[in-house]
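Listing of final_13.pdb; format and content: PDB, C-alpha atoms.
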```
ATOM      1  CA  MET A  21      -8.640  17.110 -17.952
ATOM      2  CA  TYR A  22      -8.167  14.061 -15.719
ATOM      3  CA  SER A  23      -4.698  13.318 -17.084
ATOM      4  CA  VAL A  24      -3.716  16.911 -16.169
ATOM      5  CA  ALA A  25      -5.237  16.395 -12.695
ATOM      6  CA  LEU A  26      -3.353  13.104 -12.297
ATOM      7  CA  VAL A  27       0.004  14.564 -13.377
ATOM      8  CA  SER A  28      -0.567  17.545 -11.051
ATOM      9  CA  ALA A  29      -1.400  15.166  -8.178
ATOM     10  CA  VAL A  30       1.794  13.154  -8.758
ATOM     11  CA  PHE A  31       3.775  16.401  -8.850
ATOM     12  CA  VAL A  32       2.213  17.577  -5.569
ATOM     13  CA  VAL A  33       2.926  14.188  -3.926
ATOM     14  CA  LEU A  34       6.597  14.329  -4.999
ATOM     15  CA  LEU A  35       6.886  17.955  -3.871
ATOM     16  CA  ILE A  36       5.470  17.166  -0.427
ATOM     17  CA  LEU A  37       7.660  14.083   0.015
ATOM     18  CA  SER A  38      10.812  15.904  -1.044
ATOM     19  CA  TYR A  39      10.172  18.661   1.487
ATOM     20  CA  PRO A  40      12.618  18.122   4.361
ATOM     21  CA  SER A  41      10.315  19.163   7.221
ATOM     22  CA  ARG A  42       8.468  16.242   8.797
ATOM     23  CA  PHE A  43       5.904  18.689  10.203
ATOM     24  CA  VAL A  44       5.029  20.016   6.727
ATOM     25  CA  GLN A  45       4.705  16.444   5.430
ATOM     26  CA  SER A  46       2.405  15.455   8.314
ATOM     27  CA  VAL A  47       0.208  18.530   7.847
ATOM     28  CA  SER A  48       0.008  17.856   4.085
ATOM     29  CA  VAL A  49      -1.019  14.229   4.649
ATOM     30  CA  TYR A  50      -3.709  15.187   7.184
ATOM     31  CA  GLY A  51      -4.862  17.996   4.871
ATOM     32  CA  CYS A  52      -5.233  15.536   1.990
ATOM     33  CA  MET A  53      -7.140  13.114   4.229
ATOM     34  CA  LEU A  54      -9.576  15.884   5.189
ATOM     35  CA  LEU A  55      -9.921  16.899   1.525
ATOM     36  CA  SER A  56     -10.708  13.265   0.640
ATOM     37  CA  LEU A  57     -13.402  13.104   3.323
ATOM     38  CA  PHE A  58     -14.879  16.353   2.014
ATOM     39  CA  MET A  59     -14.896  14.980  -1.543
ATOM     40  CA  VAL A  60     -16.489  11.693  -0.452
ATOM     41  CA  PHE A  61     -19.179  13.032   1.860
ATOM     42  CA  VAL A  62     -19.943  16.498   0.459
ATOM     43  CA  TYR A  63     -18.794  16.748  -3.169
ATOM     44  CA  SER A  64     -19.543  13.335  -4.672
ATOM     45  CA  PRO A  65     -23.174  12.421  -5.421
ATOM     46  CA  THR A  66     -24.945   9.457  -3.870
ATOM     47  CA  GLU A  67     -25.137   6.467  -6.163
ATOM     48  CA  LYS A  68     -28.715   5.592  -7.130
ATOM     49  CA  VAL A  69     -28.715   1.800  -6.768
ATOM     50  CA  GLN A  70     -26.525   1.212  -3.692
ATOM     51  CA  GLY A  71     -27.264   4.460  -1.890
ATOM     52  CA  ILE A  72     -24.878   6.023   0.607
ATOM     53  CA  VAL A  73     -23.047   2.763   1.333
ATOM     54  CA  GLN A  74     -21.421   3.024  -2.128
ATOM     55  CA  LYS A  75     -19.195   5.749  -0.652
ATOM     56  CA  ILE A  76     -17.117   2.953   0.921
ATOM     57  CA  PHE A  77     -15.888   2.375  -2.671
ATOM     58  CA  TYR A  78     -13.663   5.493  -2.664
ATOM     59  CA  PHE A  79     -11.502   4.386   0.258
ATOM     60  CA  HIS A  80     -11.796   0.613  -0.272
ATOM     61  CA  VAL A  81     -10.524   0.678  -3.875
ATOM     62  CA  SER A  82      -7.912   3.395  -3.183
ATOM     63  CA  ILE A  83      -6.494   1.355  -0.295
ATOM     64  CA  ALA A  84      -6.521  -1.815  -2.430
ATOM     65  CA  LEU A  85      -4.579  -0.139  -5.261
ATOM     66  CA  THR A  86      -2.106   1.395  -2.790
ATOM     67  CA  MET A  87      -1.680  -2.060  -1.238
ATOM     68  CA  PHE A  88      -0.639  -3.371  -4.668
ATOM     69  CA  ILE A  89       1.960  -0.582  -4.902
ATOM     70  CA  ALA A  90       3.245  -1.493  -1.411
ATOM     71  CA  PHE A  91       3.651  -5.166  -2.303
ATOM     72  CA  PHE A  92       5.268  -4.247  -5.620
ATOM     73  CA  VAL A  93       7.844  -2.237  -3.635
ATOM     74  CA  VAL A  94       8.404  -5.333  -1.433
ATOM     75  CA  PHE A  95       8.902  -7.409  -4.590
ATOM     76  CA  ILE A  96      11.465  -5.021  -6.117
ATOM     77  CA  ALA A  97      13.267  -4.335  -2.811
ATOM     78  CA  SER A  98      13.469  -8.082  -2.033
ATOM     79  CA  ILE A  99      15.042  -8.801  -5.432
ATOM     80  CA  MET A 100      17.503  -5.955  -4.893
ATOM     81  CA  TYR A 101      18.321  -7.243  -1.394
ATOM     82  CA  LEU A 102      19.081 -10.756  -2.659
ATOM     83  CA  TRP A 103      21.158  -9.292  -5.485
ATOM     84  CA  LYS A 104      23.040  -6.468  -3.733
ATOM     85  CA  LYS A 105      22.905  -7.842  -0.150
ATOM     86  CA  SER A 106      22.384  -4.303   1.094
ATOM     87  CA  ASP A 107      20.569  -3.825   4.426
ATOM     88  CA  TRP A 108      18.942  -0.692   3.037
ATOM     89  CA  TRP A 109      16.906  -2.731   0.523
ATOM     90  CA  ASP A 110      15.914  -5.138   3.282
ATOM     91  CA  GLN A 111      14.683  -2.242   5.430
ATOM     92  CA  ILE A 112      12.628  -0.893   2.503
ATOM     93  CA  ALA A 113      11.108  -4.347   1.824
ATOM     94  CA  PHE A 114      10.271  -4.977   5.482
ATOM     95  CA  SER A 115       8.791  -1.506   6.007
ATOM     96  CA  SER A 116       6.701  -1.694   2.835
ATOM     97  CA  ALA A 117       5.481  -5.194   3.754
ATOM     98  CA  GLU A 118       4.287  -3.923   7.132
ATOM     99  CA  ILE A 119       2.346  -1.026   5.585
ATOM    100  CA  GLY A 120       1.051  -3.240   2.746
ATOM    101  CA  THR A 121      -0.240  -5.753   5.296
ATOM    102  CA  LEU A 122      -1.971  -2.945   7.203
ATOM    103  CA  PHE A 123      -3.656  -1.814   3.970
ATOM    104  CA  CYS A 124      -4.541  -5.419   3.069
ATOM    105  CA  THR A 125      -6.163  -5.805   6.513
ATOM    106  CA  LEU A 126      -8.215  -2.667   5.842
ATOM    107  CA  VAL A 127      -9.296  -4.017   2.444
ATOM    108  CA  LEU A 128     -10.363  -7.304   4.063
ATOM    109  CA  LEU A 129     -12.303  -5.439   6.777
ATOM    110  CA  THR A 130     -14.007  -2.769   4.648
ATOM    111  CA  GLY A 131     -14.897  -5.250   1.877
ATOM    112  CA  PRO A 132     -17.228  -7.370   4.050
ATOM    113  CA  ILE A 133     -18.735  -4.228   5.629
ATOM    114  CA  TRP A 134     -19.637  -3.083   2.107
ATOM    115  CA  ALA A 135     -20.686  -6.583   0.996
ATOM    116  CA  ARG A 136     -23.165  -7.174   3.838
ATOM    117  CA  PRO A 137     -25.834  -4.658   2.722
ATOM    118  CA  ILE A 138     -25.203  -5.222  -1.020
ATOM    119  CA  TRP A 139     -24.659  -8.992  -1.320
ATOM    120  CA  GLY A 140     -26.508  -9.930   1.865
ATOM    121  CA  THR A 141     -23.486 -11.731   3.297
ATOM    122  CA  TRP A 142     -20.295 -10.716   5.094
ATOM    123  CA  TRP A 143     -18.070 -13.165   3.279
ATOM    124  CA  THR A 144     -18.159 -15.602   0.403
ATOM    125  CA  TRP A 145     -15.382 -17.866  -0.864
ATOM    126  CA  ASP A 146     -15.264 -15.923  -4.100
ATOM    127  CA  PRO A 147     -11.887 -16.229  -5.968
ATOM    128  CA  THR A 148     -11.046 -12.516  -5.566
ATOM    129  CA  LEU A 149     -11.781 -12.499  -1.834
ATOM    130  CA  THR A 150     -10.011 -15.813  -1.263
ATOM    131  CA  LEU A 151      -6.910 -14.720  -3.186
ATOM    132  CA  THR A 152      -6.813 -11.472  -1.177
ATOM    133  CA  LEU A 153      -7.030 -13.461   2.052
ATOM    134  CA  ILE A 154      -4.161 -15.670   0.819
ATOM    135  CA  LEU A 155      -2.140 -12.538   0.017
ATOM    136  CA  TRP A 156      -2.736 -11.278   3.559
ATOM    137  CA  LEU A 157      -1.674 -14.632   5.051
ATOM    138  CA  ILE A 158       1.524 -14.659   2.956
ATOM    139  CA  TYR A 159       2.580 -11.226   4.174
ATOM    140  CA  VAL A 160       1.578 -11.975   7.783
ATOM    141  CA  ALA A 161       3.942 -14.974   7.487
ATOM    142  CA  TYR A 162       6.583 -12.590   6.102
ATOM    143  CA  LEU A 163       6.175 -10.288   9.119
ATOM    144  CA  MET A 164       6.261 -13.230  11.542
ATOM    145  CA  LEU A 165       9.555 -14.333   9.981
ATOM    146  CA  ARG A 166      10.914 -10.865  10.699
ATOM    147  CA  ALA A 167       9.383 -10.507  14.176
ATOM    148  CA  ASP A 168      12.604 -11.302  16.038
ATOM    149  CA  ALA A 169      15.903  -9.465  15.917
ATOM    150  CA  TYR A 170      17.695  -9.039  12.588
ATOM    151  CA  ASP A 171      19.079 -12.279  11.204
ATOM    152  CA  VAL A 172      20.576 -12.594   7.699
ATOM    153  CA  LYS A 173      19.119 -16.080   7.089
ATOM    154  CA  ARG A 174      15.615 -14.989   8.082
ATOM    155  CA  ALA A 175      15.948 -11.785   6.041
ATOM    156  CA  ARG A 176      16.854 -13.832   2.933
ATOM    157  CA  LEU A 177      14.006 -16.281   3.516
ATOM    158  CA  ALA A 178      11.607 -13.370   4.023
ATOM    159  CA  ALA A 179      12.847 -11.808   0.765
ATOM    160  CA  ILE A 180      11.954 -15.038  -1.077
ATOM    161  CA  VAL A 181       8.495 -15.013   0.564
ATOM    162  CA  GLY A 182       8.136 -11.343  -0.458
ATOM    163  CA  ILE A 183       8.958 -12.161  -4.082
ATOM    164  CA  VAL A 184       6.799 -15.291  -4.320
ATOM    165  CA  GLY A 185       3.938 -13.623  -2.427
ATOM    166  CA  PHE A 186       3.725 -10.859  -4.984
ATOM    167  CA  LEU A 187       2.755 -13.406  -7.665
ATOM    168  CA  ASP A 188      -0.676 -13.446  -5.995
ATOM    169  CA  VAL A 189      -1.251  -9.775  -6.940
ATOM    170  CA  PRO A 190      -1.645 -10.269 -10.736
ATOM    171  CA  LEU A 191      -3.897 -13.248  -9.942
ATOM    172  CA  ILE A 192      -6.180 -11.001  -7.889
ATOM    173  CA  ARG A 193      -6.249  -8.416 -10.672
ATOM    174  CA  TRP A 194      -6.974 -11.149 -13.204
ATOM    175  CA  SER A 195      -9.762 -12.617 -11.050
ATOM    176  CA  VAL A 196     -11.433  -9.192 -10.795
ATOM    177  CA  GLU A 197     -11.308  -8.686 -14.576
ATOM    178  CA  LYS A 198     -11.934 -12.143 -16.008
ATOM    179  CA  TRP A 199     -13.584 -14.357 -13.406
ATOM    180  CA  ARG A 200     -17.361 -14.253 -13.275
ATOM    181  CA  THR A 201     -17.788 -13.763  -9.525
ATOM    182  CA  LEU A 202     -19.789 -11.797  -6.972
ATOM    183  CA  HIS A 203     -17.007  -9.220  -6.758
ATOM    184  CA  PRO A 204     -17.772  -6.404  -9.226
ATOM    185  CA  LYS A 205     -15.651  -5.946 -12.329
ATOM    186  CA  PRO A 206     -13.393  -2.853 -12.559
ATOM    187  CA  VAL A 207     -15.464   0.321 -12.573
ATOM    188  CA  VAL A 208     -12.842   3.059 -12.805
ATOM    189  CA  ILE A 209     -11.301   1.844 -16.083
ATOM    190  CA  GLN A 210     -13.464  -0.644 -17.934
ATOM    191  CA  GLU A 211     -12.739  -2.690 -21.037
ATOM    192  CA  GLY A 212     -12.229  -0.349 -23.980
ATOM    193  CA  GLY A 213     -10.747   2.370 -21.773
ATOM    194  CA  THR A 214     -14.065   3.890 -20.706
ATOM    195  CA  THR A 215     -15.044   4.650 -17.112
ATOM    196  CA  GLY A 216     -18.156   3.591 -15.243
ATOM    197  CA  LEU A 217     -17.996   6.612 -12.972
ATOM    198  CA  THR A 218     -19.543  10.043 -13.462
ATOM    199  CA  PRO A 219     -16.961  12.894 -13.709
ATOM    200  CA  ASP A 220     -17.472  14.039 -10.089
ATOM    201  CA  MET A 221     -17.208  10.458  -8.814
ATOM    202  CA  LEU A 222     -14.042   9.931 -10.844
ATOM    203  CA  LEU A 223     -12.485  13.128  -9.514
ATOM    204  CA  THR A 224     -13.353  12.090  -5.930
ATOM    205  CA  PHE A 225     -11.805   8.691  -6.527
ATOM    206  CA  LEU A 226      -8.602  10.219  -7.960
ATOM    207  CA  VAL A 227      -8.274  12.533  -4.941
ATOM    208  CA  CYS A 228      -8.702   9.559  -2.572
ATOM    209  CA  LEU A 229      -6.209   7.461  -4.537
ATOM    210  CA  GLY A 230      -3.656  10.315  -4.518
ATOM    211  CA  THR A 231      -4.169  10.746  -0.768
ATOM    212  CA  PHE A 232      -3.543   7.084  -0.002
ATOM    213  CA  ILE A 233      -0.479   6.951  -2.240
ATOM    214  CA  LEU A 234       0.848  10.027  -0.431
ATOM    215  CA  LEU A 235       0.019   8.440   2.943
ATOM    216  CA  TYR A 236       1.784   5.229   1.912
ATOM    217  CA  PHE A 237       5.012   6.994   0.931
ATOM    218  CA  TYR A 238       4.844   9.163   4.056
ATOM    219  CA  LEU A 239       4.446   6.100   6.308
ATOM    220  CA  LEU A 240       7.133   4.232   4.349
ATOM    221  CA  ARG A 241       9.584   7.058   4.917
ATOM    222  CA  GLN A 242       8.831   7.085   8.666
ATOM    223  CA  ARG A 243       9.027   3.292   8.921
ATOM    224  CA  VAL A 244      12.312   3.028   6.991
ATOM    225  CA  SER A 245      13.812   5.751   9.189
ATOM    226  CA  LEU A 246      12.722   3.765  12.262
ATOM    227  CA  ALA A 247      14.143   0.511  10.868
ATOM    228  CA  GLN A 248      17.465   2.210  10.132
ATOM    229  CA  SER A 249      17.637   3.663  13.645
ATOM    230  CA  GLN A 250      16.815   0.263  15.135
ATOM    231  CA  TYR A 251      19.525  -1.380  13.031
ATOM    232  CA  LEU A 252      22.131   1.209  14.027
ATOM    233  CA  LEU A 253      21.160   0.917  17.678
ATOM    234  CA  ASP A 254      21.411  -2.891  17.590
ATOM    235  CA  THR A 255      24.845  -2.646  15.962
ATOM    236  CA  LEU A 256      25.983  -0.083  18.535
ATOM    237  CA  ARG A 257      24.684  -2.192  21.411
ATOM    238  CA  ARG A 258      26.505  -5.267  20.085
ATOM    239  CA  GLU A 259      29.736  -3.319  19.728
ATOM    240  CA  ILE A 260      29.439  -1.904  23.246
ATOM    241  CA  ASP A 261      28.676  -5.347  24.711
ATOM    242  CA  GLU A 262      31.749  -6.747  22.982
ATOM    243  CA  GLY A 263      34.002  -3.796  23.788
ATOM    244  CA  LEU A 264      32.993  -2.870  27.314
ATOM    245  CA  PRO A 265      33.587  -5.373  30.126
ATOM    246  CA  GLY A 266      30.593  -5.705  32.501
TER     247      GLY A 266
ATOM    248  CA  MET T  11     -23.059   4.174 -12.037
ATOM    249  CA  ARG T  12     -26.143   6.369 -12.166
ATOM    250  CA  VAL T  13     -26.498   9.461 -10.029
ATOM    251  CA  CYS T  14     -29.619  10.789  -8.455
ATOM    252  CA  ARG T  15     -29.546  14.535  -7.998
ATOM    253  CA  GLY T  16     -32.405  16.884  -7.250
ATOM    254  CA  GLU T  17     -34.568  14.161  -5.765
ATOM    255  CA  ARG T  18     -34.321  13.015  -2.155
ATOM    256  CA  GLU T  19     -31.309  10.798  -1.838
ATOM    257  CA  ARG T  20     -31.861   7.497  -0.221
ATOM    258  CA  VAL T  21     -29.825   7.481   2.946
ATOM    259  CA  LYS T  22     -29.735   3.884   4.019
ATOM    260  CA  ASN T  23     -27.117   1.638   5.489
ATOM    261  CA  LEU T  24     -25.508   4.591   7.227
ATOM    262  CA  TRP T  25     -24.261   2.284   9.950
ATOM    263  CA  TYR T  26     -22.151   0.266   7.488
ATOM    264  CA  LEU T  27     -20.618   3.432   6.089
ATOM    265  CA  PHE T  28     -19.813   4.674   9.593
ATOM    266  CA  ALA T  29     -18.292   1.283  10.527
ATOM    267  CA  ALA T  30     -16.095   1.159   7.394
ATOM    268  CA  TYR T  31     -14.693   4.655   7.842
ATOM    269  CA  SER T  32     -14.245   4.148  11.609
ATOM    270  CA  VAL T  33     -12.216   0.985  10.967
ATOM    271  CA  ILE T  34      -9.969   2.797   8.472
ATOM    272  CA  TRP T  35      -9.327   5.850  10.642
ATOM    273  CA  THR T  36      -8.836   3.852  13.849
ATOM    274  CA  ALA T  37      -6.317   1.510  12.200
ATOM    275  CA  LEU T  38      -4.368   4.347  10.606
ATOM    276  CA  PHE T  39      -4.214   6.356  13.835
ATOM    277  CA  MET T  40      -3.179   3.272  15.820
ATOM    278  CA  TYR T  41      -0.396   2.536  13.340
ATOM    279  CA  ALA T  42       0.822   6.151  13.381
ATOM    280  CA  ALA T  43       0.738   6.100  17.203
ATOM    281  CA  ARG T  44       2.709   2.831  17.222
ATOM    282  CA  LEU T  45       5.399   4.337  14.986
ATOM    283  CA  SER T  46       5.600   7.382  17.238
ATOM    284  CA  ARG T  47       5.865   5.213  20.393
ATOM    285  CA  LYS T  48       8.615   3.091  18.844
ATOM    286  CA  HIS T  49      10.475   6.225  17.885
ATOM    287  CA  LYS T  50      10.357   7.423  21.509
ATOM    288  CA  GLU T  51      11.503   4.016  22.775
ATOM    289  CA  LEU T  52      14.508   4.131  20.434
ATOM    290  CA  GLU T  53      15.430   7.614  21.661
ATOM    291  CA  GLU T  54      15.243   6.387  25.263
ATOM    292  CA  GLU T  55      17.425   3.380  24.435
ATOM    293  CA  LEU T  56      19.946   5.635  22.740
ATOM    294  CA  ARG T  57      20.111   7.849  25.876
ATOM    295  CA  LEU T  58      20.782   4.754  28.011
ATOM    296  CA  LEU T  59      23.561   3.638  25.674
ATOM    297  CA  GLN T  60      25.152   7.064  25.710
ATOM    298  CA  ALA T  61      25.098   7.042  29.513
ATOM    299  CA  GLN T  62      26.642   3.548  29.518
ATOM    300  CA  VAL T  63      29.446   4.667  27.181
ATOM    301  CA  ALA T  64      30.113   7.825  29.199
ATOM    302  CA  LYS T  65      30.308   5.758  32.413
ATOM    303  CA  ALA T  66      32.722   3.266  30.836
ATOM    304  CA  LEU T  67      34.948   6.005  29.459
ATOM    305  CA  ALA T  68      35.085   7.757  32.844
ATOM    306  CA  LYS T  69      36.559   4.631  34.505
TER     307      LYS T  69
END
```

Encoded form using C-alpha cells:
Amino acid sequence: MYSVALVSAVFVVLLILSYPSRFVQSVSVYGCMLLSLFMVFVYSPTEKVQGIVQKIFYFHVSIALTMFIAFFVVFIASIMYLWKKSDWWDQIAFSSAEIGTLFCTLVLLTGPIWARPIWGTWWTWDPTLTLTLILWLIYVAYLMLRADAYDVKRARLAAIVGIVGFLDVPLIRWSVEKWRTLHPKPVVIQEGGTTGLTPDMLLTFLVCLGTFILLYFYLLRQRVSLAQSQYLLDTLRREIDEGLPG
Amino acid sequence: MRVCRGERERVKNLWYLFAAYSVIWTALFMYAARLSRKHKELEEELRLLQAQVAKALAK
C-alpha cells in the first residue's frame, strides 16, 4: 500500500512541477503544506512515551532527508560544472546549496528544540550532531565564497567545496545507524526492513516528506530562474558599460 | 513507537512544539519573501538598463 502511495506521491510532485503556471505550483505547494499540518496535528496519534513533542519528528526528519537530496544535487551539479564548464550547472549547484543550507539550519534549530524536553539538554557534542554542524559550516563557507559577483575562479573553488562537503553526508547517515549515541537510530526503516512507526504515523511522515521534496524542487526552480536572470543582467550591464560611452 | 488512543493523551511540552513549527514556518516564509524581493529588484534593474539603452540609442 505504501509503495503505491509513494509512487503516486512522486507522480503528483512531477506533475505539479511540470505544470507551466507558477501560480498553480505555488498553490499546490501551500496546499501540501496545509495537508502536512493537518496530518501531523489532527490525523497522526500522539506518541505514548514522548507525548506531543514527538510531532516535531515529522518535519525534522523530512527536512533532514530533503537536505541530503539538496546537497546531493550540489554534488552532482558541481561535478558537471567542473566537467562541462557550463554556467547552468553552476547556477543549479549554487541554488541547491542555498536551499540545502536553509534546510540544514532548520534541522540544527528544530533538533535542539526537540532534544531539550527529551534529553534534558539543548545540545551535546554527539557525533551525529557535530557532523551536521560541520556540514552546515562547509556549505556556509560555500555560500560565502559565492557571496560576491560571479567569478570563474571562485565558482570552481566553490564546486570543489561542494563536492568535498558532500562526503560528510554518508558519514552523518553512518553515525545515525552505527554509532551508539544519544541521537536515536533510524525509526522509519529499521534494520531488516521493518518500520518502527504505526501505519498512520508512517503515512503522515510520507506526506510530510513528499511535501518537503516538492517544496525543495519548487524553491530550486525559483532560485535557478533568479540566478539565470541575475547572470543575464550582469552580462548585459557589462556589455552596455563597454559599448556605451558615459 | 507505541500509540495511546482512547485514553487522555498527555499534552506536555506544547511550547517546544510551537517553537519548532514557528521556526520552520518563519524561516520558509522569510526565504520565499527574499526570493520575491530579489525578483522585483532584478525587474527594476532591467527597467533602468532598458531606459539607459533607449537614451543612448536616441543620441

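Within the file as shown, the PyMOL selection byres ((chain A and resi 118) around 9) identifies Ala90, Ala113, Phe114, Ser115, Ser116, Ala117, Ile119, Gly120, Thr121, Leu122, Phe123, Tyr159, Val160, Leu163 and Arg243 of chain A.
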
What residues come out when you apply the PyMOL selection byres ((chain T and resi 33) around 12) to this file, written as a ChimeraX atom specification?
/A:76,79-80,122-123,125-133 /T:26-32,34-40

Kindly provide, as a list in words, the polymer residues lying within 10 Å of (-0.5, -14.8, -3.5), counting all atoms listed in the file and using the coordinates exactly as they appear in the file.
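Those residues, ordered by chain and then number, are Thr150, Leu151, Thr152, Leu153, Ile154, Leu155, Trp156, Leu157, Ile158, Tyr159, Val181, Gly182, Ile183, Val184, Gly185, Phe186, Leu187, Asp188, Val189, Pro190, Leu191 and Ile192 of chain A.
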
Just-selected residues, C-alpha atoms written as a PDB file, keeping the file's coordinate frame:
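selection.pdb, freshly written:
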```pdb
ATOM      1  CA  THR A 150     -10.011 -15.813  -1.263  1.00  0.00           C
ATOM      2  CA  LEU A 151      -6.910 -14.720  -3.186  1.00  0.00           C
ATOM      3  CA  THR A 152      -6.813 -11.472  -1.177  1.00  0.00           C
ATOM      4  CA  LEU A 153      -7.030 -13.461   2.052  1.00  0.00           C
ATOM      5  CA  ILE A 154      -4.161 -15.670   0.819  1.00  0.00           C
ATOM      6  CA  LEU A 155      -2.140 -12.538   0.017  1.00  0.00           C
ATOM      7  CA  TRP A 156      -2.736 -11.278   3.559  1.00  0.00           C
ATOM      8  CA  LEU A 157      -1.674 -14.632   5.051  1.00  0.00           C
ATOM      9  CA  ILE A 158       1.524 -14.659   2.956  1.00  0.00           C
ATOM     10  CA  TYR A 159       2.580 -11.226   4.174  1.00  0.00           C
ATOM     11  CA  VAL A 181       8.495 -15.013   0.564  1.00  0.00           C
ATOM     12  CA  GLY A 182       8.136 -11.343  -0.458  1.00  0.00           C
ATOM     13  CA  ILE A 183       8.958 -12.161  -4.082  1.00  0.00           C
ATOM     14  CA  VAL A 184       6.799 -15.291  -4.320  1.00  0.00           C
ATOM     15  CA  GLY A 185       3.938 -13.623  -2.427  1.00  0.00           C
ATOM     16  CA  PHE A 186       3.725 -10.859  -4.984  1.00  0.00           C
ATOM     17  CA  LEU A 187       2.755 -13.406  -7.665  1.00  0.00           C
ATOM     18  CA  ASP A 188      -0.676 -13.446  -5.995  1.00  0.00           C
ATOM     19  CA  VAL A 189      -1.251  -9.775  -6.940  1.00  0.00           C
ATOM     20  CA  PRO A 190      -1.645 -10.269 -10.736  1.00  0.00           C
ATOM     21  CA  LEU A 191      -3.897 -13.248  -9.942  1.00  0.00           C
ATOM     22  CA  ILE A 192      -6.180 -11.001  -7.889  1.00  0.00           C
TER      23      ILE A 192
END
```

Atomic separation - atom CA of Cys124 of chain A relative to atom CA of Thr218 of chain A, Å:
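Calculated distance between atom CA of Thr218 of chain A and atom CA of Cys124 of chain A is 27.2 Å.
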
Selection near segment 109-112 of chain A, 8 Å with only C-alpha atoms, sequence-local residues under 6 positions removed, as a ChimeraX atom specification
/A:93-94,97-98,100-101,175,179,240,244,247-248

So which residues fall inside 12 Å of (-14.3, -16.0, -8.7) if we count all atoms listed in the file? Mind giving them as a tab-separated table (two decimals) with C-alpha atoms, keeping the file's coordinate frame?
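Written output follows (point.tsv):
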```tsv
chain	number	residue	atom	x	y	z
A	144	THR	CA	-18.16	-15.60	0.40
A	145	TRP	CA	-15.38	-17.87	-0.86
A	146	ASP	CA	-15.26	-15.92	-4.10
A	147	PRO	CA	-11.89	-16.23	-5.97
A	148	THR	CA	-11.05	-12.52	-5.57
A	149	LEU	CA	-11.78	-12.50	-1.83
A	150	THR	CA	-10.01	-15.81	-1.26
A	151	LEU	CA	-6.91	-14.72	-3.19
A	152	THR	CA	-6.81	-11.47	-1.18
A	191	LEU	CA	-3.90	-13.25	-9.94
A	192	ILE	CA	-6.18	-11.00	-7.89
A	193	ARG	CA	-6.25	-8.42	-10.67
A	194	TRP	CA	-6.97	-11.15	-13.20
A	195	SER	CA	-9.76	-12.62	-11.05
A	196	VAL	CA	-11.43	-9.19	-10.80
A	197	GLU	CA	-11.31	-8.69	-14.58
A	198	LYS	CA	-11.93	-12.14	-16.01
A	199	TRP	CA	-13.58	-14.36	-13.41
A	200	ARG	CA	-17.36	-14.25	-13.28
A	201	THR	CA	-17.79	-13.76	-9.52
A	202	LEU	CA	-19.79	-11.80	-6.97
A	203	HIS	CA	-17.01	-9.22	-6.76
A	204	PRO	CA	-17.77	-6.40	-9.23
A	205	LYS	CA	-15.65	-5.95	-12.33
```

Would you tabulate, counting only C-alpha atoms, all residues of chain A that have an atom at most 9 Å from an atom of chain T, showing the closest pair of atoms and their distance in Å to one decimal, sorted by chain then ascending number, as a tab-separated table?
```
residue	atom	partner	partner_atom	distance
A:Pro65	CA	T:Val13	CA	6.4
A:Thr66	CA	T:Val13	CA	6.4
A:Glu67	CA	T:Val13	CA	5.1
A:Lys68	CA	T:Val13	CA	5.3
A:Val69	CA	T:Arg12	CA	7.5
A:Gln70	CA	T:Lys22	CA	8.8
A:Gly71	CA	T:Arg20	CA	5.8
A:Ile72	CA	T:Val21	CA	5.7
A:Val73	CA	T:Leu27	CA	5.4
A:Gln74	CA	T:Leu27	CA	8.3
A:Lys75	CA	T:Leu27	CA	7.3
A:Ile76	CA	T:Leu27	CA	6.3
A:Phe79	CA	T:Tyr31	CA	8.2
A:His80	CA	T:Ala30	CA	8.8
A:Ile119	CA	T:Tyr41	CA	9.0
A:Leu122	CA	T:Ala37	CA	8.0
A:Leu126	CA	T:Ile34	CA	6.3
A:Leu129	CA	T:Ala30	CA	7.6
A:Thr130	CA	T:Ala30	CA	5.2
A:Gly131	CA	T:Ala30	CA	8.5
A:Ile133	CA	T:Tyr26	CA	5.9
A:Trp134	CA	T:Tyr26	CA	6.8
A:Arg136	CA	T:Tyr26	CA	8.3
A:Pro137	CA	T:Asn23	CA	7.0
A:Val207	CA	T:Met11	CA	8.5
A:Gly216	CA	T:Met11	CA	5.9
A:Leu217	CA	T:Met11	CA	5.7
A:Thr218	CA	T:Met11	CA	7.0
A:Leu239	CA	T:Ala42	CA	7.9
A:Gln242	CA	T:Leu45	CA	7.7
A:Arg243	CA	T:Leu45	CA	7.1
A:Leu246	CA	T:His49	CA	6.5
A:Ser249	CA	T:Leu52	CA	7.5
A:Gln250	CA	T:Leu52	CA	7.0
A:Leu253	CA	T:Leu56	CA	7.0
A:Leu256	CA	T:Leu59	CA	8.4
A:Arg257	CA	T:Leu59	CA	7.3
A:Ile260	CA	T:Val63	CA	7.7
A:Leu264	CA	T:Ala66	CA	7.1
A:Pro265	CA	T:Ala66	CA	8.7
```

With a distance cut-off of 12 Å and all atoms listed in the file, select the neighbouring residues of Leu229 of chain A, excluding the residue or stretch itself and same-chain residues fewer than 5 positions from it, and output the selection as a PyMOL selection string.
chain A and resi 26+29-30+33+52-53+55-56+59-60+77-87+89+208+222-224+234-236

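Reported to one decimal place, the separation of atom CA of Leu177 of chain A from atom CA of Leu102 of chain A is 9.7 Å.
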
Separation of atom CA of Phe92 of chain A from atom CA of Val47 of chain A in Å:
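Atom CA of Phe92 of chain A lies 26.9 Å from atom CA of Val47 of chain A.
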